[in-house]
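Novice: Here it is: the structure, laid out below.
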Amino acid sequence: MGHIFSATGRGDSWRRLKEETYDVLIVGGGITGAGIALDAQTRGMKTALIDMQDFAAGTSSRSTKLVHGGLRYLKQFEVKMVAEVGKERAVVYENGPHVTTPEWMLLPIYQGGTFGRWSTSVGLRVYDWLAGVRRGERRKMLGKEETAAKEPLLRRQGMQGGGYYVEYRTDDARLTIEVLKKAAAAGVDALNYVRADKLVYDGDGRAAGVEAADLIGGSGCTIRARQVVNATGPWVDALRELDGSRHGKTLRLTKGVHLVFDGGRFPLRQAVYFDTPDGRMVFAIPRDGKTYVGTTDTDYAGDTAHPRISAADRDYLLRACNDMFPELKLERGDVESGWAGLRPLIYEEGKSPSEVSRRDEIFVSHSGLVTIAGGKLTGYRKMAETVTDRLAAALRAAGCGPYRPCGTRTMPLSGGDVGGSGGYAAFVREATAAGERAGLPRQEAERIAARYGSNAGAVFERVGRWQTAGDGGRHGLSAGDYAALLYAIEEEMAVKPVDYMIRRTGALLFDIDWVRRHRDGVVALMAECLGYGSEELAAYEEELDRELAAVRCE
């Protein structure tokens, strides 16, 4: 039986968390926790998930937004990881083509650069083989003139040619939300803004749940479960500390920063993966009229919940861009927005941040607490399968089950019932026409069809409420924006304005002018729908303004 995934239904979700005993409780609502929740529930395990922030508020909304195989990890001989996550790219794409898009990537080759012409050719060929790349997306080697024609902004001096290959661009936060919506539809109880304060144990010293606090409602409860999973990303060591099991391998947090420029100021035609003067590699990617660039890779020891862009981070990326795209002469004032995220890597002695492996590892403590650490966005489904296999074995040993085998490899995500990647374009055309019939301008209907996939109809249904009540005009929102916001509140558990602006739409990162224009209307409508008190309203407005300042690198 599916459960409602709605901010207006938080009370019912909280009541179930208090009353039920689960087979699996997952602490952490990023992509890894979401993947485990979906896998466990659909195998037949009664599953709950909590996160002390919004879903995907940590690493899972702050990545380079690529479902990619990690070409550079071949240089570190991470062959198994490249093979595994490379194959997973196609799985993620087929299950959610509305949140994943093939993106041809240009790797320019320069004299003295990280990749030479021969090593690039061999590396991309091996990459194609390991990742099982489909024929139409296999690598091509380009000459100097072909490379320059693909992206005229590139520095010509020292250019020798380029490699051309396919990566997959994604909306990392929406990918996480779609996995969680699918999990909730399968019966998972998932609730954001619920903090695990303390682990609880049974008479044998086994982890049997957590004492939790509802940071929205203000109450507390004990959530009971036969298996507890620590999927908290940058916070995994903190939960291991509560368990008394933080020993052996530990986390190393590194920070990655991305900057966003208007496409008029940085008119990039083609996604590029390029060398920096200090030998690192950086992506520059066009997206919806913007260009974003990243990432940095530096050790981090600050506020885990709110990593920020420093002047040094910003200037490093500006220098890298001006070195590779010298005609632009980008300056600080050209940065429209940006974001900083943390990578929870497994500590390795004597290695620089960029050299530390991105492999995932599973730790099982003396109490049975299962911790998943490290890993990459691309491999989330396979990581979830591995963890859930362990959970199923432990539960069967305790007399529970039986459980079905993993079925997520061919399971469309929420919004993904569009006929796979091959049927997606036709679906968008048909859904756009349906949106026009609902009264939306074509461009707005197409944007909703592309973003929400097979859930677009649920958004279009809410257009009628705007037309009937006239509320949208009162809040200054278009019919499409009004409907999308209602959908986010009622079916995507958006509790606060920042949830909607950052993780349900990405507007704070990629359309900051829209945020400034519609800030007050969004806040007012959410306050009405969710019954904010005056103190809540003030706190949420302050939080939104803080995030506005942060993305502007102010």
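Identifiers in the structure tokens: chain A, B, ... in order shown; residue index from 1 per chain; ligand index from 1 in order shown.
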I'd like a table as a Markdown table: residues in segment 148-258 of chain A with an atom no more than 12 Å from segment 387-404 of chain A, each row giving the shortest atom pair and its distance in Å to one decimal, only C-alpha atoms counted, sorted by chain and rising residue number.

Specialist:
```
| residue | atom | partner | partner_atom | distance |
| --- | --- | --- | --- | --- |
| A:Ala225 | CA | A:Leu395 | CA | 10.9 |
| A:Arg226 | CA | A:Leu395 | CA | 7.6 |
| A:Gln227 | CA | A:Leu391 | CA | 7.0 |
| A:Val228 | CA | A:Leu391 | CA | 9.1 |
| A:Val229 | CA | A:Val387 | CA | 8.8 |
| A:Asn230 | CA | A:Val387 | CA | 10.7 |
| A:Ala231 | CA | A:Val387 | CA | 10.3 |
```

Novice: Given the selection you just returned, output its residues as a file containing C-alpha atoms, formatted as a PDB file, in the first residue's frame.

Specialist:
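File written: result.pdb
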```pdb
ATOM      1  CA  ALA A 225      13.310  -1.310  13.552  1.00  0.00           C
ATOM      2  CA  ARG A 226      14.987  -4.694  13.248  1.00  0.00           C
ATOM      3  CA  GLN A 227      17.793  -3.251  11.103  1.00  0.00           C
ATOM      4  CA  VAL A 228      19.170   0.308  11.172  1.00  0.00           C
ATOM      5  CA  VAL A 229      21.085   1.758   8.220  1.00  0.00           C
ATOM      6  CA  ASN A 230      23.414   4.737   8.500  1.00  0.00           C
ATOM      7  CA  ALA A 231      23.279   6.455   5.089  1.00  0.00           C
TER       8      ALA A 231
END
```

Novice: I'd like the contact shell of segment 44-58 of chain A - 8 Å cut-off, only C-alpha atoms, skipping same-chain residues fewer than 3 positions apart - returned as a short mmCIF file (atom, residue, chain, number, x, y, z; two decimals) with N, CA and C atoms, in the first residue's frame.

Specialist:
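And here is the file that came out, part-v4.cif:
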```cif
data_model
loop_
_atom_site.label_atom_id
_atom_site.label_comp_id
_atom_site.auth_asym_id
_atom_site.auth_seq_id
_atom_site.Cartn_x
_atom_site.Cartn_y
_atom_site.Cartn_z
N LEU A 17 5.41 6.49 12.14
CA LEU A 17 6.77 6.29 12.65
C LEU A 17 6.76 5.96 14.13
N TYR A 22 9.50 -1.44 12.19
CA TYR A 22 9.92 -1.65 10.80
C TYR A 22 10.96 -2.75 10.70
N ASP A 23 11.05 -3.34 9.51
CA ASP A 23 12.16 -4.24 9.24
C ASP A 23 13.44 -3.42 9.07
N VAL A 24 13.33 -2.29 8.38
CA VAL A 24 14.50 -1.47 8.08
C VAL A 24 14.18 0.00 8.36
N LEU A 25 15.06 0.67 9.10
CA LEU A 25 15.00 2.11 9.27
C LEU A 25 16.28 2.70 8.68
N ILE A 26 16.13 3.61 7.75
CA ILE A 26 17.27 4.26 7.11
C ILE A 26 17.37 5.67 7.64
N VAL A 27 18.53 6.02 8.13
CA VAL A 27 18.81 7.39 8.57
C VAL A 27 19.63 8.05 7.47
N GLY A 28 19.03 9.04 6.80
CA GLY A 28 19.70 9.71 5.70
C GLY A 28 18.86 9.65 4.44
N GLY A 29 18.43 10.83 3.95
CA GLY A 29 17.55 10.90 2.80
C GLY A 29 18.21 11.45 1.56
N GLY A 30 19.50 11.16 1.38
CA GLY A 30 20.15 11.47 0.11
C GLY A 30 19.89 10.35 -0.88
N ILE A 31 20.61 10.36 -1.99
CA ILE A 31 20.36 9.38 -3.05
C ILE A 31 20.65 7.96 -2.57
N GLY A 33 20.43 6.66 0.61
CA GLY A 33 19.34 6.22 1.47
C GLY A 33 18.06 6.00 0.70
N ALA A 34 17.78 6.88 -0.26
CA ALA A 34 16.57 6.75 -1.08
C ALA A 34 16.60 5.45 -1.87
N ALA A 37 15.95 2.50 0.42
CA ALA A 37 14.53 2.46 0.82
C ALA A 37 13.68 1.83 -0.28
N ALA A 40 14.64 -2.02 -0.58
CA ALA A 40 14.19 -2.82 0.56
C ALA A 40 12.66 -2.98 0.56
N GLN A 41 11.94 -1.90 0.35
CA GLN A 41 10.48 -1.97 0.40
C GLN A 41 9.93 -2.84 -0.73
N SER A 61 22.31 17.16 -3.55
CA SER A 61 21.84 18.30 -4.36
C SER A 61 23.01 19.22 -4.70
N ARG A 62 24.23 18.77 -4.44
CA ARG A 62 25.38 19.67 -4.56
C ARG A 62 26.51 19.06 -5.39
N ALA A 173 19.09 16.46 -7.28
CA ALA A 173 18.07 16.54 -6.23
C ALA A 173 16.75 15.94 -6.72
N THR A 176 16.83 12.21 -6.70
CA THR A 176 16.61 11.69 -5.35
C THR A 176 15.13 11.74 -4.98
N ILE A 177 14.47 12.86 -5.27
CA ILE A 177 13.05 13.00 -4.96
C ILE A 177 12.22 11.97 -5.72
N GLY A 187 5.17 2.01 -0.33
CA GLY A 187 4.85 1.81 1.08
C GLY A 187 5.86 2.30 2.08
N VAL A 188 6.94 2.94 1.64
CA VAL A 188 7.94 3.47 2.57
C VAL A 188 7.37 4.68 3.32
N ASP A 189 7.60 4.73 4.62
CA ASP A 189 7.32 5.94 5.40
C ASP A 189 8.58 6.80 5.38
N ALA A 190 8.56 7.90 4.66
CA ALA A 190 9.72 8.78 4.53
C ALA A 190 9.35 10.17 5.02
N LEU A 191 10.19 10.71 5.90
CA LEU A 191 9.88 12.02 6.47
C LEU A 191 11.14 12.85 6.60
N ASN A 192 11.08 14.07 6.07
CA ASN A 192 12.21 14.98 6.21
C ASN A 192 12.08 15.77 7.51
N TYR A 193 13.15 16.44 7.87
CA TYR A 193 13.23 17.25 9.09
C TYR A 193 12.92 16.42 10.35
N VAL A 194 13.41 15.20 10.36
CA VAL A 194 13.35 14.35 11.55
C VAL A 194 14.77 13.93 11.89
N ARG A 195 15.25 14.30 13.06
CA ARG A 195 16.64 14.07 13.45
C ARG A 195 16.75 12.85 14.35
N ALA A 196 17.72 11.99 14.07
CA ALA A 196 18.03 10.86 14.94
C ALA A 196 18.98 11.35 16.03
N LEU A 215 11.64 18.09 13.79
CA LEU A 215 12.10 19.48 13.84
C LEU A 215 11.07 20.46 13.32
N GLY A 233 25.78 10.13 4.71
CA GLY A 233 26.76 10.87 3.93
C GLY A 233 27.84 11.50 4.80
N PRO A 234 27.97 12.83 4.75
CA PRO A 234 29.02 13.48 5.55
C PRO A 234 28.88 13.29 7.05
N ALA A 305 26.63 21.05 7.58
CA ALA A 305 25.31 21.30 7.01
C ALA A 305 25.31 22.46 6.03
N GLY A 341 29.41 21.71 -2.10
CA GLY A 341 28.98 20.42 -1.57
C GLY A 341 30.15 19.65 -0.99
N LEU A 342 29.84 18.66 -0.19
CA LEU A 342 30.87 17.85 0.46
C LEU A 342 30.87 16.43 -0.09
N GLY A 401 11.09 -12.72 6.65
CA GLY A 401 11.06 -13.00 5.22
C GLY A 401 9.95 -13.97 4.88
N PRO A 402 9.97 -14.56 3.69
CA PRO A 402 11.00 -14.43 2.65
C PRO A 402 10.89 -13.10 1.90
N TYR A 403 11.95 -12.77 1.15
CA TYR A 403 11.97 -11.51 0.42
C TYR A 403 12.22 -11.77 -1.06
N ARG A 404 11.68 -10.89 -1.87
CA ARG A 404 11.86 -11.00 -3.31
C ARG A 404 13.28 -10.58 -3.69
N ASP A 499 13.16 24.35 0.20
CA ASP A 499 12.97 23.03 -0.39
C ASP A 499 12.54 23.16 -1.84
N ARG A 503 15.66 22.37 -4.20
CA ARG A 503 15.69 20.94 -4.49
C ARG A 503 14.51 20.42 -5.31
#
```

Novice: Taking the DSSP secondary structure from the backbone, can you list the residues of segment 301-366 of chain A that are alpha helix (DSSP H), as a VMD selection string?

Specialist: chain A and resid 311 to 324

Novice: If we count only C-alpha atoms, what is near Arg552 of chain A at a cut-off of 9 Å, once residues fewer than 4 positions away on the same chain are taken out, given as a list in words?

Specialist: Val335, Glu336, Ser337, Gly338, Trp339, Glu547 and Leu548 of chain A

Novice: Residues of the last selection are to be written out with C-alpha atoms, as a compact mmCIF listing (two decimals), in the first residue's frame.

Specialist:
```txt
# COMPACT_ATOMS: atom_id res chain seq x y z
CA VAL A 335 29.08 34.88 -11.24
CA GLU A 336 25.28 34.65 -10.98
CA SER A 337 25.14 31.89 -8.42
CA GLY A 338 26.93 28.80 -7.19
CA TRP A 339 26.92 25.96 -4.72
CA GLU A 547 20.65 30.87 0.86
CA LEU A 548 20.16 33.68 -1.66
```

Novice: My list of candidates is A:Gly457, A:Gly264, A:Gly419, A:Gly480. Which is closest to Gln443 of chain A when distances are computed with only C-alpha atoms?

Specialist: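 Using only C-alpha atoms, the shortest distance to Gln443 of chain A belongs to A:Gly480.
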
Novice: Which of these residues is nearest to Arg287 of chain A, using only C-alpha atoms: A:Asp511, A:Glu137, A:Glu490, A:Glu444?

Specialist: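 Among the listed residues, the smallest separation from Arg287 of chain A belongs to A:Asp511.
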
Novice: So that I can see what lies close to Arg343 of chain A, please list as a ChimeraX atom specification the residues with an atom at most 10 Å from it, counting only C-alpha atoms and leaving out residues fewer than 2 positions away in the same chain.

Specialist: /A:58-60,62-63,233-234,251-256,297-300,341,345-346,353,358,374-376
